[in-house]
Each structure stands twice: as C-alpha cells, then as structure tokens.
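Peer 1: Structure file structure-v4.cif (mmCIF, C-alpha atoms and all ligand atoms) is given on the next line.
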data_start
loop_
_atom_site.label_atom_id
_atom_site.label_comp_id
_atom_site.auth_asym_id
_atom_site.auth_seq_id
_atom_site.Cartn_x
_atom_site.Cartn_y
_atom_site.Cartn_z
CA MET A 1 138.21 96.50 -17.48
CA ASN A 2 137.87 93.11 -19.11
CA ASP A 3 137.33 93.36 -22.88
CA LYS A 4 135.12 90.29 -22.73
CA MET A 5 132.79 91.74 -20.09
CA GLY A 6 130.49 93.34 -22.67
CA VAL A 7 127.00 94.06 -21.42
CA VAL A 8 126.06 93.00 -17.88
CA VAL A 9 122.34 93.24 -17.12
CA VAL A 10 121.29 93.81 -13.51
CA THR A 11 117.76 93.01 -12.45
CA GLY A 12 115.71 92.65 -9.30
CA ILE A 13 112.26 93.69 -8.23
CA PRO A 14 111.69 97.37 -7.34
CA GLY A 15 113.21 98.24 -3.98
CA VAL A 16 115.40 95.11 -3.68
CA GLY A 17 118.54 97.26 -3.83
CA LYS A 18 119.95 96.50 -7.29
CA THR A 19 121.10 100.08 -7.95
CA THR A 20 122.71 100.31 -4.49
CA VAL A 21 124.54 96.96 -4.84
CA MET A 22 125.74 97.33 -8.44
CA LYS A 23 126.89 100.95 -8.07
CA ARG A 24 129.09 99.78 -5.19
CA ALA A 25 130.32 96.70 -7.05
CA ALA A 26 131.27 98.91 -10.01
CA GLU A 27 133.26 101.43 -7.96
CA GLY A 28 136.73 101.75 -9.48
CA VAL A 29 135.81 99.54 -12.46
CA ASP A 30 136.11 101.11 -15.91
CA ILE A 31 132.54 100.43 -16.96
CA GLN A 32 129.55 102.67 -17.70
CA PHE A 33 126.48 102.37 -15.53
CA VAL A 34 123.26 102.83 -17.49
CA THR A 35 119.77 102.77 -16.00
CA PHE A 36 117.38 101.43 -18.67
CA GLY A 37 114.48 103.25 -16.98
CA THR A 38 116.34 106.60 -17.16
CA VAL A 39 117.08 106.28 -20.89
CA MET A 40 113.47 105.16 -21.40
CA ILE A 41 111.90 108.04 -19.44
CA ASP A 42 113.99 110.57 -21.40
CA ILE A 43 112.62 109.13 -24.66
CA ALA A 44 109.08 109.00 -23.23
CA LYS A 45 109.27 112.62 -22.06
CA GLU A 46 110.48 113.78 -25.50
CA SER A 47 107.32 112.24 -26.96
CA GLY A 48 105.23 113.85 -24.19
CA LEU A 49 103.90 110.44 -23.10
CA VAL A 50 104.60 110.74 -19.33
CA LYS A 51 106.11 113.07 -16.76
CA ASP A 52 107.33 110.56 -14.17
CA ARG A 53 109.27 107.26 -14.47
CA ASP A 54 106.72 105.46 -12.31
CA GLU A 55 103.96 106.27 -14.84
CA MET A 56 105.59 104.35 -17.71
CA ARG A 57 104.41 100.90 -16.57
CA GLU A 58 100.82 102.12 -17.00
CA LEU A 59 101.25 103.05 -20.68
CA SER A 60 99.72 100.72 -23.27
CA LEU A 61 101.77 97.58 -23.97
CA GLU A 62 102.36 98.77 -27.54
CA GLN A 63 103.72 102.10 -26.29
CA GLN A 64 105.97 100.32 -23.77
CA LYS A 65 107.24 97.96 -26.49
CA GLU A 66 108.10 100.88 -28.78
CA LEU A 67 109.94 102.62 -25.92
CA GLN A 68 111.79 99.37 -25.08
CA ILE A 69 113.05 99.06 -28.66
CA GLN A 70 114.25 102.66 -28.83
CA THR A 71 115.92 102.35 -25.41
CA ALA A 72 117.62 99.04 -26.27
CA GLU A 73 118.94 100.54 -29.53
CA LYS A 74 120.43 103.49 -27.72
CA ILE A 75 122.10 101.29 -25.08
CA ALA A 76 123.34 98.76 -27.67
CA SER A 77 125.52 101.48 -29.20
CA MET A 78 127.50 101.70 -25.93
CA LYS A 79 130.28 99.21 -25.04
CA ASN A 80 131.11 97.69 -21.63
CA VAL A 81 128.05 98.72 -19.72
CA ILE A 82 126.10 97.63 -16.69
CA VAL A 83 122.43 97.94 -17.59
CA ASP A 84 120.21 98.41 -14.54
CA THR A 85 116.77 97.10 -15.48
CA HIS A 86 113.96 94.62 -14.72
CA CYS A 87 113.34 90.96 -15.68
CA THR A 88 109.63 91.78 -15.66
CA VAL A 89 107.65 94.98 -15.19
CA LYS A 90 104.39 94.78 -13.26
CA THR A 91 101.66 96.35 -15.41
CA PRO A 92 97.88 96.47 -14.84
CA LYS A 93 97.65 93.68 -17.48
CA GLY A 94 100.18 91.40 -15.81
CA TYR A 95 103.94 90.86 -15.90
CA MET A 96 105.54 92.36 -19.01
CA PRO A 97 108.93 90.93 -20.07
CA GLY A 98 111.80 93.40 -19.55
CA LEU A 99 114.15 91.54 -21.91
CA PRO A 100 111.90 90.05 -24.60
CA GLU A 101 113.47 88.91 -27.86
CA TRP A 102 113.38 92.46 -29.32
CA VAL A 103 115.39 93.75 -26.34
CA VAL A 104 117.74 90.86 -25.50
CA LYS A 105 118.84 90.42 -29.14
CA ARG A 106 119.84 94.08 -29.25
CA LEU A 107 121.58 94.19 -25.86
CA LYS A 108 123.38 90.81 -26.22
CA PRO A 109 124.18 90.46 -22.48
CA THR A 110 127.00 88.22 -21.26
CA THR A 111 125.57 87.93 -17.73
CA ILE A 112 122.18 88.61 -16.16
CA VAL A 113 122.40 89.39 -12.43
CA VAL A 114 119.25 88.84 -10.36
CA VAL A 115 119.37 90.67 -7.00
CA GLU A 116 117.06 89.14 -4.40
CA ALA A 117 116.10 89.61 -0.74
CA ASP A 118 113.41 88.23 1.57
CA PRO A 119 109.90 89.56 0.81
CA GLU A 120 109.70 91.08 4.33
CA GLU A 121 112.94 93.00 3.72
CA ILE A 122 111.75 94.32 0.37
CA TYR A 123 108.38 95.29 1.80
CA THR A 124 110.07 97.38 4.52
CA ARG A 125 112.57 98.99 2.11
CA ARG A 126 109.76 100.09 -0.20
CA ALA A 127 107.77 101.51 2.70
CA LYS A 128 110.77 103.54 3.92
CA ASP A 129 111.80 104.89 0.49
CA ASP A 130 109.72 108.00 -0.23
CA THR A 131 111.81 109.10 -3.24
CA ARG A 132 109.77 106.77 -5.46
CA ASN A 133 106.11 106.04 -6.13
CA ARG A 134 106.39 102.30 -5.44
CA ASP A 135 103.60 99.70 -5.66
CA LEU A 136 102.37 98.61 -2.25
CA ASP A 137 102.38 94.88 -2.91
CA SER A 138 101.77 92.28 -0.22
CA LYS A 139 104.65 90.01 0.83
CA GLU A 140 102.97 87.16 -1.09
CA LYS A 141 102.90 89.25 -4.28
CA ILE A 142 106.55 90.25 -3.76
CA ALA A 143 107.47 86.54 -3.44
CA GLU A 144 105.48 85.76 -6.61
CA HIS A 145 107.25 88.54 -8.53
CA GLN A 146 110.69 87.21 -7.51
CA GLN A 147 109.70 83.69 -8.61
CA ILE A 148 108.51 84.98 -11.98
CA ASN A 149 111.78 86.90 -12.41
CA ARG A 150 113.96 83.81 -11.90
CA ALA A 151 111.98 82.00 -14.58
CA ALA A 152 112.19 85.03 -16.88
CA ALA A 153 115.97 85.31 -16.37
CA MET A 154 116.50 81.71 -17.52
CA ALA A 155 114.31 82.30 -20.58
CA TYR A 156 116.49 85.31 -21.51
CA SER A 157 119.55 83.15 -20.89
CA ALA A 158 118.23 80.57 -23.36
CA LEU A 159 117.66 83.34 -25.93
CA SER A 160 121.06 84.99 -25.53
CA GLY A 161 123.50 82.51 -23.95
CA ALA A 162 123.99 84.90 -21.00
CA THR A 163 124.76 83.34 -17.62
CA VAL A 164 122.42 84.05 -14.69
CA LYS A 165 123.90 85.08 -11.35
CA ILE A 166 121.66 85.27 -8.25
CA VAL A 167 122.89 87.82 -5.67
CA SER A 168 121.32 87.91 -2.20
CA ASN A 169 121.03 91.39 -0.70
CA HIS A 170 119.87 90.91 2.88
CA ASP A 171 119.47 93.67 5.49
CA ASP A 172 122.79 94.80 6.97
CA ALA A 173 124.59 92.48 4.54
CA ILE A 174 125.24 94.82 1.64
CA ASP A 175 128.98 94.01 1.74
CA GLU A 176 128.25 90.31 1.10
CA ALA A 177 125.97 91.24 -1.80
CA VAL A 178 128.66 93.46 -3.32
CA LYS A 179 131.22 90.64 -2.88
CA GLU A 180 128.92 88.23 -4.73
CA ALA A 181 128.43 90.69 -7.58
CA ILE A 182 132.06 91.71 -8.16
CA PRO A 183 133.22 88.56 -10.11
CA VAL A 184 130.64 89.36 -12.79
CA LEU A 185 132.54 92.58 -13.54
CA ARG A 186 135.94 90.88 -13.93
P1 LIG B 1 114.22 100.33 -8.35
O1 LIG B 1 113.99 99.13 -9.20
O2 LIG B 1 112.91 100.92 -7.98
O3 LIG B 1 115.15 101.31 -8.98
P2 LIG B 1 116.33 99.22 -6.68
O4 LIG B 1 116.27 97.74 -6.73
O5 LIG B 1 117.35 99.88 -7.53
O6 LIG B 1 114.88 99.82 -6.95
P3 LIG B 1 117.49 100.71 -4.51
O7 LIG B 1 116.97 102.04 -4.88
O8 LIG B 1 118.94 100.41 -4.75
O9 LIG B 1 116.57 99.59 -5.16
O10 LIG B 1 117.22 100.40 -2.95
C1 LIG B 1 115.91 100.55 -2.37
C2 LIG B 1 116.05 100.98 -0.91
O11 LIG B 1 116.58 99.90 -0.13
C3 LIG B 1 117.00 102.17 -0.72
O12 LIG B 1 116.43 103.01 0.26
C4 LIG B 1 118.30 101.50 -0.24
O13 LIG B 1 119.06 102.37 0.57
C5 LIG B 1 117.75 100.32 0.56
N1 LIG B 1 118.69 99.16 0.62
C6 LIG B 1 119.35 98.61 -0.43
N2 LIG B 1 120.08 97.55 -0.04
C7 LIG B 1 119.88 97.43 1.30
C8 LIG B 1 120.37 96.51 2.32
N3 LIG B 1 121.21 95.48 2.04
N4 LIG B 1 119.95 96.68 3.58
C9 LIG B 1 119.10 97.70 3.88
N5 LIG B 1 118.60 98.60 2.99
C10 LIG B 1 118.99 98.46 1.72
P1 LIG B 2 113.65 101.83 -12.50
O1 LIG B 2 114.23 103.18 -12.26
O2 LIG B 2 114.65 100.76 -12.67
O3 LIG B 2 112.60 101.47 -11.47
O4 LIG B 2 112.85 101.93 -13.89
C1 LIG B 2 111.78 102.86 -14.06
C2 LIG B 2 110.77 102.32 -15.02
O5 LIG B 2 111.37 102.11 -16.30
C3 LIG B 2 110.14 100.98 -14.66
O6 LIG B 2 109.11 101.09 -13.70
C4 LIG B 2 109.60 100.55 -16.02
O7 LIG B 2 108.40 101.24 -16.32
C5 LIG B 2 110.68 101.07 -16.98
N1 LIG B 2 111.64 100.00 -17.34
C6 LIG B 2 112.87 99.79 -16.84
N2 LIG B 2 113.45 98.72 -17.45
C7 LIG B 2 112.54 98.27 -18.38
C8 LIG B 2 112.53 97.21 -19.33
N3 LIG B 2 113.58 96.39 -19.51
N4 LIG B 2 111.42 97.06 -20.10
C9 LIG B 2 110.37 97.89 -19.95
N5 LIG B 2 110.31 98.91 -19.08
C10 LIG B 2 111.39 99.10 -18.30
MG MG B 3 117.11 101.33 -9.10
#
Go ahead and express the file in the form of structure tokens.

Peer 2:
Amino acid sequence: MNDKMGVVVVTGIPGVGKTTVMKRAAEGVDIQFVTFGTVMIDIAKESGLVKDRDEMRELSLEQQKELQIQTAEKIASMKNVIVDTHCTVKTPKGYMPGLPEWVVKRLKPTTIVVVEADPEEIYTRRAKDDTRNRDLDSKEKIAEHQQINRAAAMAYSALSGATVKIVSNHDDAIDEAVKEAIPVLR
C-alpha cells in the first residue's frame, strides 16, 4: 500500500464494468473497496425511503443530495479506499452530479478513474446482466452519457486537484483494462 494513495474514485456508466475491472486491479493490494451505492442504499433503507438500489435515482433531488452527504461523510472517515461510484447519475430530471462540491470536498480524491467501453459493448452487457434493473438506453444515449461523464470528471478534478485516468474496458480485453488501472493503485 502506498501511503499517498488516499482515496481513488472509480466511475463509469452502469454496466461498463467498473466493479469487475477495479476489483481485479485491487487484488492483493492493501486497500478497502467501498461501493458508494451500497453505503447509500443502507442509509436509504434505514430511513425507509427505498427497498432496492435501482430505485434511489428516482428519489427527489433533495433526498438524493441528503443521502450523498451522509454517504460521503461515512466514506471520508475511512483511509486508503477505492470508491466505486458514478460521475453522473441519470435521473428523470436529467444528469445529477455524483461528485458535486458537497461530495468531492468530503472525499478528497487523489485520482478519478473513468472506465469506458464502446456504446455497443455496454448495450449488450446491460442486456445480458439480469442481476440489476438497468435502464434500457439507446446506443446514442449511452454515448451521450459517457461524454457527459468525461466533462464531469474534469470539473471534479478542477474542484479537488485529482487526476483523471481514462481506462478502456473492451470486450475480451479485461486484462488490458486491469493493466491500465493498476498504476493508479501504486
Ligand atoms: P454498475 O454501475 O451498475 O454497478 P458496473 O460498471 O460496475 O455497473 P459490472 O457489474 O462490473 O459493471 O459489469 C457489468 C457486466 O459486464 C457484468 O456482467 C460483467 O461480467 C460484464 N463485463 C465487464 N467487463 C467486461 C469485459 N471486458 N468484457 C465482457 N464483459 C464484461
Ligand atoms: P451502483 O451499484 O454503482 O450502480 O450504485 C447504485 C445507485 O447508487 C446508483 O444508481 C445511484 O442511485 C446511487 N449512487 C451511487 N453513487 C452515487 C453518487 N456519487 N451520487 C449519487 N448517487 C449515487
Ligand atoms: Mg458496479
């Protein structure tokens, strides 16, 4: 473990493979893996707001903001963590920032990883994965969401000083994606 590693934030649109890639990259590394959405759903369930993680993005923006703050506070108390989360969350009212000022200033990330793949690849992965209630976006909307996330990542970088690392996770090329991600954890 590198004492300077601090908090590494991993992002990527739903179904791109960020959890798969970063869990592999972190194998054997002395770092905690925290899924922002898991901490958030536990808090949301305690308040009786939702039953399922895929319902949270439909809560009111105020409720989501309150949950974000509580989640960020909980994660900020941990050291040397990989935080698996989203640059933006697609809500019925538009893209909501995943790391707005009230989140990024608490988390203080050193690096923001953005995992990407081709829209066709993401479309197929979502269709095949029946463990989650994923949005059935068109390939055009998937491309738009990835574009928005790059822009969002640089805005968070400007707010926090974190570097932004783009990791490509193409079909049958998971090893290359893991190789690209490993230097971030050194
Ligand atoms: P979410 O934001 O919803 O948590 P995620 O980005 O963490 O999604 P994963 O759950 O890691 O995505 O992966 C989504 C699906 O894509 C899984 O079924 C996974 O096995 C598959 N997958 C991940 N990477 C690849 C790859 N390089 N080639 C083929 N399939 C992949
Ligand atoms: P995930 O398991 O990564 O798909 O996360 C589940 C859900 O948690 C997402 O669909 C969002 O509703 C919520 N979530 C995760 N990260 C954030 C974040 N940074 N800001 C707001 N909501 C988030
Ligand atoms: Mg995931």

Peer 1: Taking a cut-off of 10 Å and counting only C-alpha atoms and all ligand atoms, can you build a table that, for each residue of chain A near ligand MG 3 (chain B), reports the nearest atom pair and how far apart they are in Å (one decimal), sorted by chain then residue number, as a Markdown table?

Peer 2:
| residue | atom | partner | partner_atom | distance |
| --- | --- | --- | --- | --- |
| A:Val10 | CA | B:MG3 | MG | 9.7 |
| A:Thr11 | CA | B:MG3 | MG | 9.0 |
| A:Gly12 | CA | B:MG3 | MG | 8.8 |
| A:Ile13 | CA | B:MG3 | MG | 9.1 |
| A:Pro14 | CA | B:MG3 | MG | 6.9 |
| A:Gly15 | CA | B:MG3 | MG | 7.1 |
| A:Val16 | CA | B:MG3 | MG | 8.4 |
| A:Gly17 | CA | B:MG3 | MG | 6.8 |
| A:Lys18 | CA | B:MG3 | MG | 5.9 |
| A:Thr19 | CA | B:MG3 | MG | 4.3 |
| A:Thr20 | CA | B:MG3 | MG | 7.3 |
| A:Val21 | CA | B:MG3 | MG | 9.6 |
| A:Met22 | CA | B:MG3 | MG | 9.5 |
| A:Lys23 | CA | B:MG3 | MG | 9.8 |
| A:Thr35 | CA | B:MG3 | MG | 7.5 |
| A:Phe36 | CA | B:MG3 | MG | 9.6 |
| A:Gly37 | CA | B:MG3 | MG | 8.5 |
| A:Thr38 | CA | B:MG3 | MG | 9.7 |
| A:Asp84 | CA | B:MG3 | MG | 6.9 |
| A:Thr85 | CA | B:MG3 | MG | 7.7 |
| A:His86 | CA | B:MG3 | MG | 9.3 |
| A:Arg132 | CA | B:MG3 | MG | 9.8 |

Peer 1: Selected residues, C-alpha atoms, written as a JSON list (two decimals), in the frame of the given file, please.

Peer 2:
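Here's the written file again20.json:
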[["chain", "number", "residue", "atom", "x", "y", "z"],
["A", 10, "VAL", "CA", 121.29, 93.81, -13.51],
["A", 11, "THR", "CA", 117.76, 93.01, -12.45],
["A", 12, "GLY", "CA", 115.71, 92.65, -9.30],
["A", 13, "ILE", "CA", 112.26, 93.69, -8.23],
["A", 14, "PRO", "CA", 111.69, 97.37, -7.34],
["A", 15, "GLY", "CA", 113.21, 98.24, -3.98],
["A", 16, "VAL", "CA", 115.40, 95.11, -3.68],
["A", 17, "GLY", "CA", 118.54, 97.26, -3.83],
["A", 18, "LYS", "CA", 119.95, 96.50, -7.29],
["A", 19, "THR", "CA", 121.10, 100.08, -7.95],
["A", 20, "THR", "CA", 122.71, 100.31, -4.49],
["A", 21, "VAL", "CA", 124.54, 96.96, -4.84],
["A", 22, "MET", "CA", 125.74, 97.33, -8.44],
["A", 23, "LYS", "CA", 126.89, 100.95, -8.07],
["A", 35, "THR", "CA", 119.77, 102.77, -16.00],
["A", 36, "PHE", "CA", 117.38, 101.43, -18.67],
["A", 37, "GLY", "CA", 114.48, 103.25, -16.98],
["A", 38, "THR", "CA", 116.34, 106.60, -17.16],
["A", 84, "ASP", "CA", 120.21, 98.41, -14.54],
["A", 85, "THR", "CA", 116.77, 97.10, -15.48],
["A", 86, "HIS", "CA", 113.96, 94.62, -14.72],
["A", 132, "ARG", "CA", 109.77, 106.77, -5.46]]

Peer 1: Nearest residue to ligand LIG 2 (chain B) out of A:Val7, A:Asp54, A:Met78, A:Ala44, using all atoms listed in the file?

Peer 2: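 When distances to ligand LIG 2 (chain B) are compared using all atoms listed in the file, the smallest one comes from A:Asp54.
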
Peer 1: Starting from 5 Å padding per side, set up an axis-aligned box that covers all listed atoms of ligand LIG 1 (chain B) and hand over centre and edge lengths in Å, one decimal, as lines of an AutoDock Vina configuration file.

Peer 2:
center_x = 117.1
center_y = 99.2
center_z = -2.7
size_x = 18.3
size_y = 17.5
size_z = 23.1

Peer 1: Within 12 Å of (99.3, 89.7, -11.8), in the coordinates the file gives, what residues turn up when you count all atoms listed in the file, written out as a VMD selection string?

Peer 2: chain A and resid 88 to 96 137 140 to 142 144 to 145 148

Peer 1: Could you tell me how far CA of Asn169 (chain A) lies from atom C1 of ligand LIG 1 (chain B), in Å and to one decimal?

Peer 2: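 Interatomic distance here is 10.6 Å.
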
Peer 1: Find, counting only C-alpha atoms, the residue in A:Val184, A:Asn149, A:Ile69, A:Lys179 that gets nearest to Arg24 (chain A).

Peer 2: A:Lys179

Peer 1: What is the distance between CA of Val115 (chain A) and CA of Val39 (chain A), in Å to one decimal?

Peer 2: 21.0 Å

Peer 1: Looking at A:Asp30, A:Asp130, A:Glu120, A:Glu55, which one is nearest to Asn80 (chain A), with distances taken over only C-alpha atoms?

Peer 2: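 The shortest atom-to-atom distance to Asn80 (chain A) comes from A:Asp30.
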
Peer 1: For Lys74 (chain A), which residue out of A:Leu107, A:Thr124, A:Lys139, A:Arg57 is the nearest one, using all atoms listed in the file?

Peer 2: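 Among the listed residues, the smallest separation from Lys74 (chain A) belongs to A:Leu107.
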
Peer 1: Taking all atoms listed in the file into account, which of A:Ala162, A:Leu59, A:Met5, A:Leu99 comes nearest ligand LIG 2 (chain B)?

Peer 2: A:Leu99

Peer 1: Rank A:Ile41, A:Val34, A:Glu116, A:Gln64 by their smallest atom-to-atom distance to Gln147 (chain A), using only C-alpha atoms, and report the top residue only.

Peer 2: A:Glu116

Peer 1: What does the distance from CA of Pro97 (chain A) to CA of Ala152 (chain A) come to in Å, to one decimal?

Peer 2: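 Separation between CA of Pro97 (chain A) and CA of Ala152 (chain A): 7.5 Å.
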
Peer 1: List as a PyMOL selection string the residues having at least one atom at most 12 Å from position (112.0, 92.7, -28.3) as given in the file, counting all atoms listed in the file.

Peer 2: chain A and resi 62+64-73+96-108+156+159

Peer 1: For Thr163 (chain A), please output as a list in words all residues within 7 Å (counting all atoms listed in the file; exclusion window: fewer than 2 positions along the same chain).

Peer 2: Thr110, Thr111, Ile112, Ser157, Gly161 and Lys165 of chain A
